[in-house]
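**Student:** Sharing a structure, written as structure tokens. Questions coming.
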Amino acid sequence: MGPSPTQQLESTHAEIHYLSPSVRGCSQLTYSAKTRKDVTQSHTIVLHDGRRDSSTLPADELAARGFTKVADFWSAVHEHLEKIENPLVYRTNKSIPESIESQQTRKVYFEECEQLVKRLTKADVAFSISHAVRNGSGNKRSTGVEYLTAYATFAHADFTEEILPHAWKMLVKRGVPESTAKKMRVAFFNVWQPTTIPVEEHPLALLEWGSVDPGDLVSVTLGYGVTPKSGTGTVEPPIAQLVYNPKHRWVFYPNMQTDEALVFSQVDGRPNHPRHTFHTAVKHSTKECPRPRQSIEVRILCGFLDSPTTNASSL
């Protein structure tokens, strides 16, 4: 049995899947269900309990470490969060449209996530751009795009710095004037939350950016066309992965409750902020027969103006 929500652990151990050192420097490396065993290796690491670790306000912790846990994050549609479906891009069968209930629920929830990230980061604008629902069923599919809805059991960040120079176009698409968007610093964040039950297995582990060396990072092509491109079709996006470094300091929050959420950076273009928060699901359970984790993650695009005098409400 694991700790209750109010109990704390000093640390525990878990396996983290890193890129193999042999692939360091590869200019064209694809990560997919077919290649993952060949390009990764496992390391046993110490997982530090984030509940013991944190002694600052969530906004300050997010700015300093690249991640934070938020308590009492109740949605107006909380009891319906399980109704949110994965987007079509994560489905092999794209003939079944998203249900009305899913659309209505995610509209409310995504707006709440936008406001949460905007409040924590003091962003001038914040927009939800994508999401994923994970409930364990994806882990049973070793091939196909549904693999991307499995628990992601490898250390990664969803975006690399390659997305930053042209991210202003994403702001324009969402209503920000081009002249304003081009002046903005851009960052991408995740809101990650258990939905129907507390996390009993496969919690999310987060890596402190301050423990990462520049040489640890590798840009890898995700072997699935899930990112829309101009015109029609999709492209296989680059993601950031890591090679092992004994300096890495991993943190997790055991037994997360359904009113708790993690907010962390995927890539942040602002100076003096953590550039990435690498993360992964880890094999750790709080009981002998844990229920599969039910969670949702929402990716948020933020824009920041350097001038503190700009009236963000006019954007």
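Simple scheme: letters A, B, ... for chains in structure tokens order, numbers from 1 for residues in each chain, numbers from 1 for ligands in the order shown.
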Show me, as a VMD selection string, the residues that have an atom within 8 Å of range 40-47 of chain A when counting only C-alpha atoms, minus same-chain residues fewer than 4 positions from it.

**Tutor:** chain A and resid 11 to 20 36 205 244 249 to 252

**Student:** Could you name the residues that touch Arg291 in chain A at 10 Å or less, counting only C-alpha atoms, but leaving out those on the same chain fewer than 6 positions away, as a list in words?

**Tutor:** Asn135, Gly136, Ile197, Pro198, Val199, Glu200, Glu201 and Ser285 of chain A

**Student:** Keeping only C-alpha atoms, write those residues as a compact mmCIF listing (two decimals), in the first residue's frame.

**Tutor:**
```txt
# COMPACT_ATOMS: atom_id res chain seq x y z
CA ASN A 135 -6.40 5.56 -19.64
CA GLY A 136 -4.08 2.62 -20.21
CA ILE A 197 -9.66 8.36 -9.75
CA PRO A 198 -6.45 9.19 -7.85
CA VAL A 199 -3.21 8.11 -9.53
CA GLU A 200 -2.52 4.56 -8.35
CA GLU A 201 -0.01 3.58 -11.02
CA SER A 285 2.07 1.89 -7.82
```

**Student:** Any idea what's packed within 6 Å of range 188-193 of chain A, counting only C-alpha atoms, ignoring anything in its chain fewer than 4 positions away? Could you give it as a list in words?

**Tutor:**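 Answer for this query is Ala261, Leu262, Val263, Phe264, Ser265, Gln266, Val267, Ser295, Ile296, Glu297, Val298, Arg299, Ile300 and Leu301 of chain A.
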
**Student:** Just the selected residues (N, CA and C atoms), exported as a compact mmCIF listing (two decimals), in the first residue's frame, please.

**Tutor:**
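Final file, again.txt:
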```txt
# COMPACT_ATOMS: atom_id res chain seq x y z
N ALA A 261 -3.39 19.20 -10.06
CA ALA A 261 -2.92 19.26 -11.44
C ALA A 261 -1.44 19.64 -11.45
N LEU A 262 -0.73 19.12 -12.44
CA LEU A 262 0.65 19.53 -12.68
C LEU A 262 0.66 20.53 -13.83
N VAL A 263 1.44 21.58 -13.66
CA VAL A 263 1.68 22.54 -14.73
C VAL A 263 3.18 22.56 -14.97
N PHE A 264 3.60 22.34 -16.21
CA PHE A 264 5.04 22.31 -16.50
C PHE A 264 5.31 22.81 -17.91
N SER A 265 6.53 23.28 -18.10
CA SER A 265 6.93 23.84 -19.39
C SER A 265 7.32 22.72 -20.35
N GLN A 266 6.90 22.86 -21.60
CA GLN A 266 7.36 21.98 -22.67
C GLN A 266 8.58 22.60 -23.34
N VAL A 267 8.47 23.85 -23.70
CA VAL A 267 9.62 24.64 -24.16
C VAL A 267 9.29 26.09 -23.90
N SER A 295 -6.10 10.04 -17.01
CA SER A 295 -5.59 11.41 -16.95
C SER A 295 -5.80 12.13 -18.27
N ILE A 296 -5.72 13.44 -18.20
CA ILE A 296 -5.82 14.28 -19.38
C ILE A 296 -4.71 15.31 -19.32
N GLU A 297 -4.18 15.65 -20.46
CA GLU A 297 -3.18 16.72 -20.54
C GLU A 297 -3.59 17.69 -21.64
N VAL A 298 -3.43 18.97 -21.34
CA VAL A 298 -3.78 20.03 -22.28
C VAL A 298 -2.54 20.88 -22.52
N ARG A 299 -2.20 21.07 -23.77
CA ARG A 299 -1.02 21.86 -24.12
C ARG A 299 -1.46 23.30 -24.37
N ILE A 300 -0.74 24.24 -23.74
CA ILE A 300 -1.12 25.64 -23.74
C ILE A 300 0.00 26.47 -24.37
N LEU A 301 -0.35 27.28 -25.35
CA LEU A 301 0.56 28.23 -25.98
C LEU A 301 0.40 29.58 -25.30
```

**Student:** Of the candidates A:Lys283, A:Arg270, A:Lys169, A:His48, which one gets nearest to Phe304 in chain A if we count only C-alpha atoms?

**Tutor:** A:Arg270

**Student:** Determine, counting only C-alpha atoms, which protein, DNA and RNA residues have an atom within 9 Å of an atom of range 208-216 of chain A; residues of the same chain fewer than 6 positions away are not included. Present the result as a list in words.

**Tutor:**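 Residues meeting the cut-off are Arg24, Ala64, Arg65, Gly66, Phe67, Gln241, Leu242, Val243, Tyr244, Asn245, Lys247, His248, Arg249, Trp250, Val251, Pro274, Arg275, His276, Thr277 and Phe278 of chain A.
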
**Student:** Go ahead and write the residues just picked, C-alpha atoms, as a compact mmCIF listing (two decimals), in the first residue's frame.

**Tutor:**
```txt
# COMPACT_ATOMS: atom_id res chain seq x y z
CA ARG A 24 24.07 10.87 -29.65
CA ALA A 64 12.28 28.40 -10.91
CA ARG A 65 11.95 24.67 -11.60
CA GLY A 66 9.79 24.53 -14.73
CA PHE A 67 6.96 22.66 -13.00
CA GLN A 241 14.82 13.51 -25.60
CA LEU A 242 17.71 12.87 -23.23
CA VAL A 243 20.77 10.75 -22.71
CA TYR A 244 21.45 9.69 -19.15
CA ASN A 245 23.31 11.95 -16.75
CA LYS A 247 23.20 14.60 -12.14
CA HIS A 248 19.55 14.42 -13.22
CA ARG A 249 17.11 15.06 -10.39
CA TRP A 250 13.65 13.55 -10.90
CA VAL A 251 10.56 14.51 -8.91
CA PRO A 274 13.70 26.67 -17.51
CA ARG A 275 13.83 25.78 -21.20
CA HIS A 276 12.24 22.31 -20.93
CA THR A 277 10.64 20.07 -18.34
CA PHE A 278 11.45 16.54 -19.42
```

**Student:** Just list as JSON, numbers by chain whatever in range 161-293 of chain A DSSP marks as strand (DSSP E or B).

**Tutor:** {"A": [185, 186, 187, 188, 189, 190, 191, 192, 193, 194, 201, 204, 205, 206, 207, 217, 218, 219, 220, 221, 222, 227, 228, 234, 235, 238, 239, 240, 241, 242, 243, 250, 251, 252, 261, 262, 263, 264, 265, 266, 267, 268, 279, 280, 281, 285]}

**Student:** Give me a file of those residues, with N, CA and C atoms, as a short mmCIF file (atom, residue, chain, number, x, y, z; two decimals), in the first residue's frame.

**Tutor:**
```
data_model
loop_
_atom_site.label_atom_id
_atom_site.label_comp_id
_atom_site.auth_asym_id
_atom_site.auth_seq_id
_atom_site.Cartn_x
_atom_site.Cartn_y
_atom_site.Cartn_z
N ARG A 185 7.52 36.96 -26.62
CA ARG A 185 8.22 35.74 -26.27
C ARG A 185 7.16 34.64 -26.17
N VAL A 186 7.53 33.44 -26.53
CA VAL A 186 6.54 32.37 -26.59
C VAL A 186 7.00 31.20 -25.71
N ALA A 187 6.02 30.57 -25.08
CA ALA A 187 6.30 29.37 -24.29
C ALA A 187 5.11 28.41 -24.42
N PHE A 188 5.41 27.13 -24.28
CA PHE A 188 4.39 26.09 -24.33
C PHE A 188 4.39 25.35 -22.99
N PHE A 189 3.20 25.19 -22.42
CA PHE A 189 3.06 24.52 -21.13
C PHE A 189 2.06 23.38 -21.23
N ASN A 190 2.14 22.47 -20.29
CA ASN A 190 1.14 21.41 -20.14
C ASN A 190 0.40 21.58 -18.83
N VAL A 191 -0.90 21.30 -18.87
CA VAL A 191 -1.67 21.06 -17.65
C VAL A 191 -2.02 19.57 -17.67
N TRP A 192 -1.63 18.87 -16.63
CA TRP A 192 -1.79 17.41 -16.54
C TRP A 192 -2.58 17.09 -15.29
N GLN A 193 -3.66 16.33 -15.43
CA GLN A 193 -4.54 16.10 -14.28
C GLN A 193 -5.18 14.72 -14.33
N PRO A 194 -5.20 14.01 -13.20
CA PRO A 194 -6.01 12.78 -13.13
C PRO A 194 -7.48 13.16 -13.17
N GLU A 201 -1.15 4.15 -10.30
CA GLU A 201 -0.01 3.58 -11.02
C GLU A 201 0.41 4.54 -12.12
N LEU A 204 3.43 10.60 -13.12
CA LEU A 204 4.32 11.36 -13.98
C LEU A 204 5.53 11.82 -13.18
N ALA A 205 6.72 11.58 -13.72
CA ALA A 205 7.96 12.07 -13.13
C ALA A 205 8.46 13.26 -13.95
N LEU A 206 9.00 14.25 -13.25
CA LEU A 206 9.42 15.50 -13.87
C LEU A 206 10.88 15.77 -13.53
N LEU A 207 11.62 16.26 -14.50
CA LEU A 207 13.05 16.48 -14.33
C LEU A 207 13.35 17.96 -14.09
N LEU A 217 20.71 16.88 -24.30
CA LEU A 217 19.54 17.01 -25.16
C LEU A 217 19.80 16.46 -26.56
N VAL A 218 18.80 15.78 -27.10
CA VAL A 218 18.85 15.28 -28.47
C VAL A 218 17.50 15.57 -29.12
N SER A 219 17.52 16.15 -30.31
CA SER A 219 16.29 16.37 -31.07
C SER A 219 15.99 15.12 -31.89
N VAL A 220 14.78 14.59 -31.72
CA VAL A 220 14.38 13.32 -32.32
C VAL A 220 13.09 13.53 -33.09
N THR A 221 12.95 12.87 -34.22
CA THR A 221 11.69 12.93 -34.97
C THR A 221 10.72 11.90 -34.42
N LEU A 222 9.52 12.36 -34.06
CA LEU A 222 8.48 11.44 -33.64
C LEU A 222 7.92 10.76 -34.88
N THR A 227 1.22 16.45 -36.52
CA THR A 227 1.23 17.91 -36.47
C THR A 227 0.71 18.46 -37.79
N PRO A 228 -0.37 19.26 -37.77
CA PRO A 228 -0.89 19.82 -39.02
C PRO A 228 0.15 20.73 -39.69
N THR A 234 -0.24 16.25 -42.51
CA THR A 234 0.46 16.41 -41.25
C THR A 234 1.94 16.12 -41.44
N VAL A 235 2.72 16.50 -40.44
CA VAL A 235 4.15 16.22 -40.46
C VAL A 235 4.52 15.49 -39.18
N PRO A 238 9.45 17.17 -34.47
CA PRO A 238 10.60 16.88 -33.62
C PRO A 238 10.20 16.97 -32.16
N ILE A 239 10.75 16.10 -31.35
CA ILE A 239 10.58 16.17 -29.90
C ILE A 239 11.98 16.16 -29.28
N ALA A 240 12.06 16.53 -28.01
CA ALA A 240 13.34 16.55 -27.32
C ALA A 240 13.44 15.32 -26.42
N GLN A 241 14.57 14.64 -26.49
CA GLN A 241 14.82 13.51 -25.60
C GLN A 241 16.18 13.67 -24.94
N LEU A 242 16.52 12.74 -24.07
CA LEU A 242 17.71 12.87 -23.23
C LEU A 242 18.57 11.64 -23.27
N VAL A 243 19.88 11.85 -23.09
CA VAL A 243 20.77 10.75 -22.71
C VAL A 243 21.00 10.86 -21.20
N TRP A 250 15.03 13.82 -10.53
CA TRP A 250 13.65 13.55 -10.90
C TRP A 250 12.73 13.69 -9.69
N VAL A 251 11.55 14.25 -9.95
CA VAL A 251 10.56 14.51 -8.91
C VAL A 251 9.21 13.93 -9.34
N PHE A 252 8.44 13.40 -8.37
CA PHE A 252 7.07 13.00 -8.66
C PHE A 252 6.19 13.32 -7.46
N ALA A 261 -3.39 19.20 -10.06
CA ALA A 261 -2.92 19.26 -11.44
C ALA A 261 -1.44 19.64 -11.45
N LEU A 262 -0.73 19.12 -12.44
CA LEU A 262 0.65 19.53 -12.68
C LEU A 262 0.66 20.53 -13.83
N VAL A 263 1.44 21.58 -13.66
CA VAL A 263 1.68 22.54 -14.73
C VAL A 263 3.18 22.56 -14.97
N PHE A 264 3.60 22.34 -16.21
CA PHE A 264 5.04 22.31 -16.50
C PHE A 264 5.31 22.81 -17.91
N SER A 265 6.53 23.28 -18.10
CA SER A 265 6.93 23.84 -19.39
C SER A 265 7.32 22.72 -20.35
N GLN A 266 6.90 22.86 -21.60
CA GLN A 266 7.36 21.98 -22.67
C GLN A 266 8.58 22.60 -23.34
N VAL A 267 8.47 23.85 -23.70
CA VAL A 267 9.62 24.64 -24.16
C VAL A 267 9.29 26.09 -23.90
N ASP A 268 10.27 26.83 -23.39
CA ASP A 268 10.05 28.22 -22.98
C ASP A 268 11.10 29.09 -23.63
N HIS A 279 9.84 14.81 -18.97
CA HIS A 279 8.89 14.09 -18.15
C HIS A 279 8.67 12.69 -18.71
N THR A 280 8.14 11.82 -17.88
CA THR A 280 7.85 10.45 -18.29
C THR A 280 6.95 9.79 -17.26
N ALA A 281 6.11 8.89 -17.71
CA ALA A 281 5.40 8.02 -16.78
C ALA A 281 6.38 6.97 -16.26
N SER A 285 3.46 2.05 -8.20
CA SER A 285 2.07 1.89 -7.82
C SER A 285 1.90 2.11 -6.33
#
```

**Student:** Using only C-alpha atoms, which protein or nucleic acid residues come within 10 Å of range 98-112 of chain A? Drop anything in the same chain fewer than 3 positions from it, and give the result as a ChimeraX atom specification.

**Tutor:** /A:73-88,94-95,115-118,126-131,191,297-300

**Student:** Filtering to N, CA and C atoms, could you give me those residues as a compact mmCIF listing (two decimals), in the first residue's frame?

**Tutor:**
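And here is the file that came out, part20.txt:
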```
# COMPACT_ATOMS: atom_id res chain seq x y z
N PHE A 73 -7.85 22.34 -7.89
CA PHE A 73 -8.17 22.73 -9.27
C PHE A 73 -9.40 21.94 -9.71
N TRP A 74 -10.55 22.45 -9.33
CA TRP A 74 -11.82 21.83 -9.67
C TRP A 74 -12.41 22.49 -10.91
N SER A 75 -12.84 21.68 -11.84
CA SER A 75 -13.47 22.22 -13.05
C SER A 75 -14.98 22.32 -12.85
N ALA A 76 -15.58 23.27 -13.54
CA ALA A 76 -17.04 23.37 -13.53
C ALA A 76 -17.68 22.13 -14.15
N VAL A 77 -16.89 21.38 -14.92
CA VAL A 77 -17.39 20.16 -15.56
C VAL A 77 -16.60 18.94 -15.06
N HIS A 78 -16.14 19.01 -13.83
CA HIS A 78 -15.22 17.99 -13.31
C HIS A 78 -15.79 16.58 -13.43
N GLU A 79 -17.06 16.42 -13.13
CA GLU A 79 -17.64 15.08 -13.15
C GLU A 79 -17.81 14.54 -14.57
N HIS A 80 -17.56 15.39 -15.56
CA HIS A 80 -17.70 14.96 -16.95
C HIS A 80 -16.35 14.88 -17.69
N LEU A 81 -15.24 15.08 -17.00
CA LEU A 81 -13.94 15.09 -17.67
C LEU A 81 -13.66 13.78 -18.40
N GLU A 82 -14.18 12.69 -17.87
CA GLU A 82 -13.96 11.40 -18.53
C GLU A 82 -14.65 11.33 -19.89
N LYS A 83 -15.54 12.26 -20.17
CA LYS A 83 -16.24 12.27 -21.45
C LYS A 83 -15.40 12.87 -22.58
N ILE A 84 -14.32 13.54 -22.22
CA ILE A 84 -13.47 14.15 -23.25
C ILE A 84 -12.75 13.05 -24.03
N GLU A 85 -12.85 13.12 -25.34
CA GLU A 85 -12.26 12.10 -26.22
C GLU A 85 -10.94 12.58 -26.80
N ASN A 86 -10.13 11.63 -27.20
CA ASN A 86 -8.90 12.00 -27.89
C ASN A 86 -9.22 12.60 -29.26
N PRO A 87 -8.40 13.55 -29.71
CA PRO A 87 -8.63 14.13 -31.03
C PRO A 87 -8.45 13.10 -32.13
N LEU A 88 -9.02 13.39 -33.30
CA LEU A 88 -8.98 12.45 -34.41
C LEU A 88 -7.56 12.10 -34.83
N LYS A 94 -10.71 7.40 -38.24
CA LYS A 94 -11.08 8.80 -38.15
C LYS A 94 -12.49 9.07 -38.68
N SER A 95 -13.24 8.01 -38.89
CA SER A 95 -14.58 8.18 -39.45
C SER A 95 -15.63 8.53 -38.40
N GLN A 115 -6.73 29.78 -18.28
CA GLN A 115 -6.71 30.79 -17.22
C GLN A 115 -5.74 30.40 -16.11
N LEU A 116 -5.65 29.12 -15.80
CA LEU A 116 -4.70 28.66 -14.79
C LEU A 116 -3.28 28.99 -15.19
N VAL A 117 -2.89 28.63 -16.40
CA VAL A 117 -1.53 28.87 -16.86
C VAL A 117 -1.27 30.37 -16.98
N LYS A 118 -2.24 31.10 -17.45
CA LYS A 118 -2.09 32.56 -17.58
C LYS A 118 -1.85 33.20 -16.22
N ALA A 126 -3.02 33.24 -23.61
CA ALA A 126 -2.83 31.80 -23.44
C ALA A 126 -3.92 31.07 -24.22
N PHE A 127 -3.51 30.09 -25.01
CA PHE A 127 -4.45 29.35 -25.86
C PHE A 127 -4.17 27.86 -25.77
N SER A 128 -5.21 27.05 -25.61
CA SER A 128 -5.06 25.61 -25.70
C SER A 128 -4.87 25.23 -27.16
N ILE A 129 -3.92 24.35 -27.44
CA ILE A 129 -3.62 24.00 -28.83
C ILE A 129 -3.82 22.52 -29.12
N SER A 130 -3.77 21.66 -28.10
CA SER A 130 -3.97 20.23 -28.32
C SER A 130 -4.15 19.56 -26.97
N HIS A 131 -4.55 18.29 -27.01
CA HIS A 131 -4.73 17.55 -25.76
C HIS A 131 -4.57 16.06 -26.02
N VAL A 191 -0.90 21.30 -18.87
CA VAL A 191 -1.67 21.06 -17.65
C VAL A 191 -2.02 19.57 -17.67
N GLU A 297 -4.18 15.65 -20.46
CA GLU A 297 -3.18 16.72 -20.54
C GLU A 297 -3.59 17.69 -21.64
N VAL A 298 -3.43 18.97 -21.34
CA VAL A 298 -3.78 20.03 -22.28
C VAL A 298 -2.54 20.88 -22.52
N ARG A 299 -2.20 21.07 -23.77
CA ARG A 299 -1.02 21.86 -24.12
C ARG A 299 -1.46 23.30 -24.37
N ILE A 300 -0.74 24.24 -23.74
CA ILE A 300 -1.12 25.64 -23.74
C ILE A 300 0.00 26.47 -24.37
```

**Student:** So that I can check the secondary structure, give me every residue of range 6-253 of chain A assigned alpha helix (DSSP H) by backbone DSSP, as an NGL selection string.

**Tutor:** :A and (36-39 or 50-53 or 58-65 or 100-121 or 168-173 or 178-181)

**Student:** Restricting the output to C-alpha atoms, write the selected residues as a PDB file, in the first residue's frame.

**Tutor:**
```pdb
ATOM      1  CA  ARG A  36      12.046   2.580 -29.182  1.00  0.00           C
ATOM      2  CA  LYS A  37      13.704  -0.628 -27.934  1.00  0.00           C
ATOM      3  CA  ASP A  38      16.688  -0.119 -30.222  1.00  0.00           C
ATOM      4  CA  VAL A  39      17.355   3.510 -29.312  1.00  0.00           C
ATOM      5  CA  GLY A  50       7.548  16.657  -4.738  1.00  0.00           C
ATOM      6  CA  ARG A  51       5.226  17.066  -1.776  1.00  0.00           C
ATOM      7  CA  ARG A  52       8.261  17.249   0.520  1.00  0.00           C
ATOM      8  CA  ASP A  53      10.342  19.153  -1.993  1.00  0.00           C
ATOM      9  CA  PRO A  58       3.173  27.494  -7.333  1.00  0.00           C
ATOM     10  CA  ALA A  59       3.927  30.490  -9.577  1.00  0.00           C
ATOM     11  CA  ASP A  60       7.408  30.895  -8.099  1.00  0.00           C
ATOM     12  CA  GLU A  61       8.100  27.171  -8.289  1.00  0.00           C
ATOM     13  CA  LEU A  62       7.024  27.039 -11.933  1.00  0.00           C
ATOM     14  CA  ALA A  63       9.345  29.934 -12.783  1.00  0.00           C
ATOM     15  CA  ALA A  64      12.282  28.403 -10.912  1.00  0.00           C
ATOM     16  CA  ARG A  65      11.947  24.672 -11.600  1.00  0.00           C
ATOM     17  CA  ILE A 100     -21.156  16.744 -28.684  1.00  0.00           C
ATOM     18  CA  GLU A 101     -20.649  15.974 -24.984  1.00  0.00           C
ATOM     19  CA  SER A 102     -16.895  15.752 -25.481  1.00  0.00           C
ATOM     20  CA  GLN A 103     -16.821  19.045 -27.384  1.00  0.00           C
ATOM     21  CA  GLN A 104     -18.867  20.867 -24.759  1.00  0.00           C
ATOM     22  CA  THR A 105     -16.855  19.499 -21.845  1.00  0.00           C
ATOM     23  CA  ARG A 106     -13.442  20.221 -23.292  1.00  0.00           C
ATOM     24  CA  LYS A 107     -14.452  23.778 -24.255  1.00  0.00           C
ATOM     25  CA  VAL A 108     -15.117  24.609 -20.607  1.00  0.00           C
ATOM     26  CA  TYR A 109     -12.142  22.681 -19.244  1.00  0.00           C
ATOM     27  CA  PHE A 110      -9.650  24.025 -21.763  1.00  0.00           C
ATOM     28  CA  GLU A 111     -10.637  27.599 -20.978  1.00  0.00           C
ATOM     29  CA  GLU A 112     -10.056  26.869 -17.292  1.00  0.00           C
ATOM     30  CA  CYS A 113      -6.612  25.446 -18.106  1.00  0.00           C
ATOM     31  CA  GLU A 114      -5.783  28.541 -20.136  1.00  0.00           C
ATOM     32  CA  GLN A 115      -6.708  30.785 -17.224  1.00  0.00           C
ATOM     33  CA  LEU A 116      -4.702  28.663 -14.788  1.00  0.00           C
ATOM     34  CA  VAL A 117      -1.527  28.873 -16.856  1.00  0.00           C
ATOM     35  CA  LYS A 118      -2.087  32.555 -17.582  1.00  0.00           C
ATOM     36  CA  ARG A 119      -2.410  33.274 -13.856  1.00  0.00           C
ATOM     37  CA  LEU A 120       0.691  31.255 -12.909  1.00  0.00           C
ATOM     38  CA  THR A 121       2.931  32.638 -15.661  1.00  0.00           C
ATOM     39  CA  TRP A 168       4.055  33.856 -33.609  1.00  0.00           C
ATOM     40  CA  LYS A 169       2.063  32.486 -36.544  1.00  0.00           C
ATOM     41  CA  MET A 170       0.152  30.258 -34.130  1.00  0.00           C
ATOM     42  CA  LEU A 171      -0.721  33.351 -32.090  1.00  0.00           C
ATOM     43  CA  VAL A 172      -1.941  35.190 -35.190  1.00  0.00           C
ATOM     44  CA  LYS A 173      -4.113  32.209 -36.103  1.00  0.00           C
ATOM     45  CA  GLU A 178       0.589  40.090 -36.279  1.00  0.00           C
ATOM     46  CA  SER A 179       2.483  43.190 -35.151  1.00  0.00           C
ATOM     47  CA  THR A 180       1.889  42.182 -31.515  1.00  0.00           C
ATOM     48  CA  ALA A 181       2.555  38.478 -32.000  1.00  0.00           C
TER      49      ALA A 181
END
```

**Student:** Using CA of Asn255 in chain A and CA of Arg293 in chain A as the two end points, give the distance in Å to one decimal.

**Tutor:**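 Between CA of Asn255 in chain A and CA of Arg293 in chain A the gap works out to 10.7 Å.
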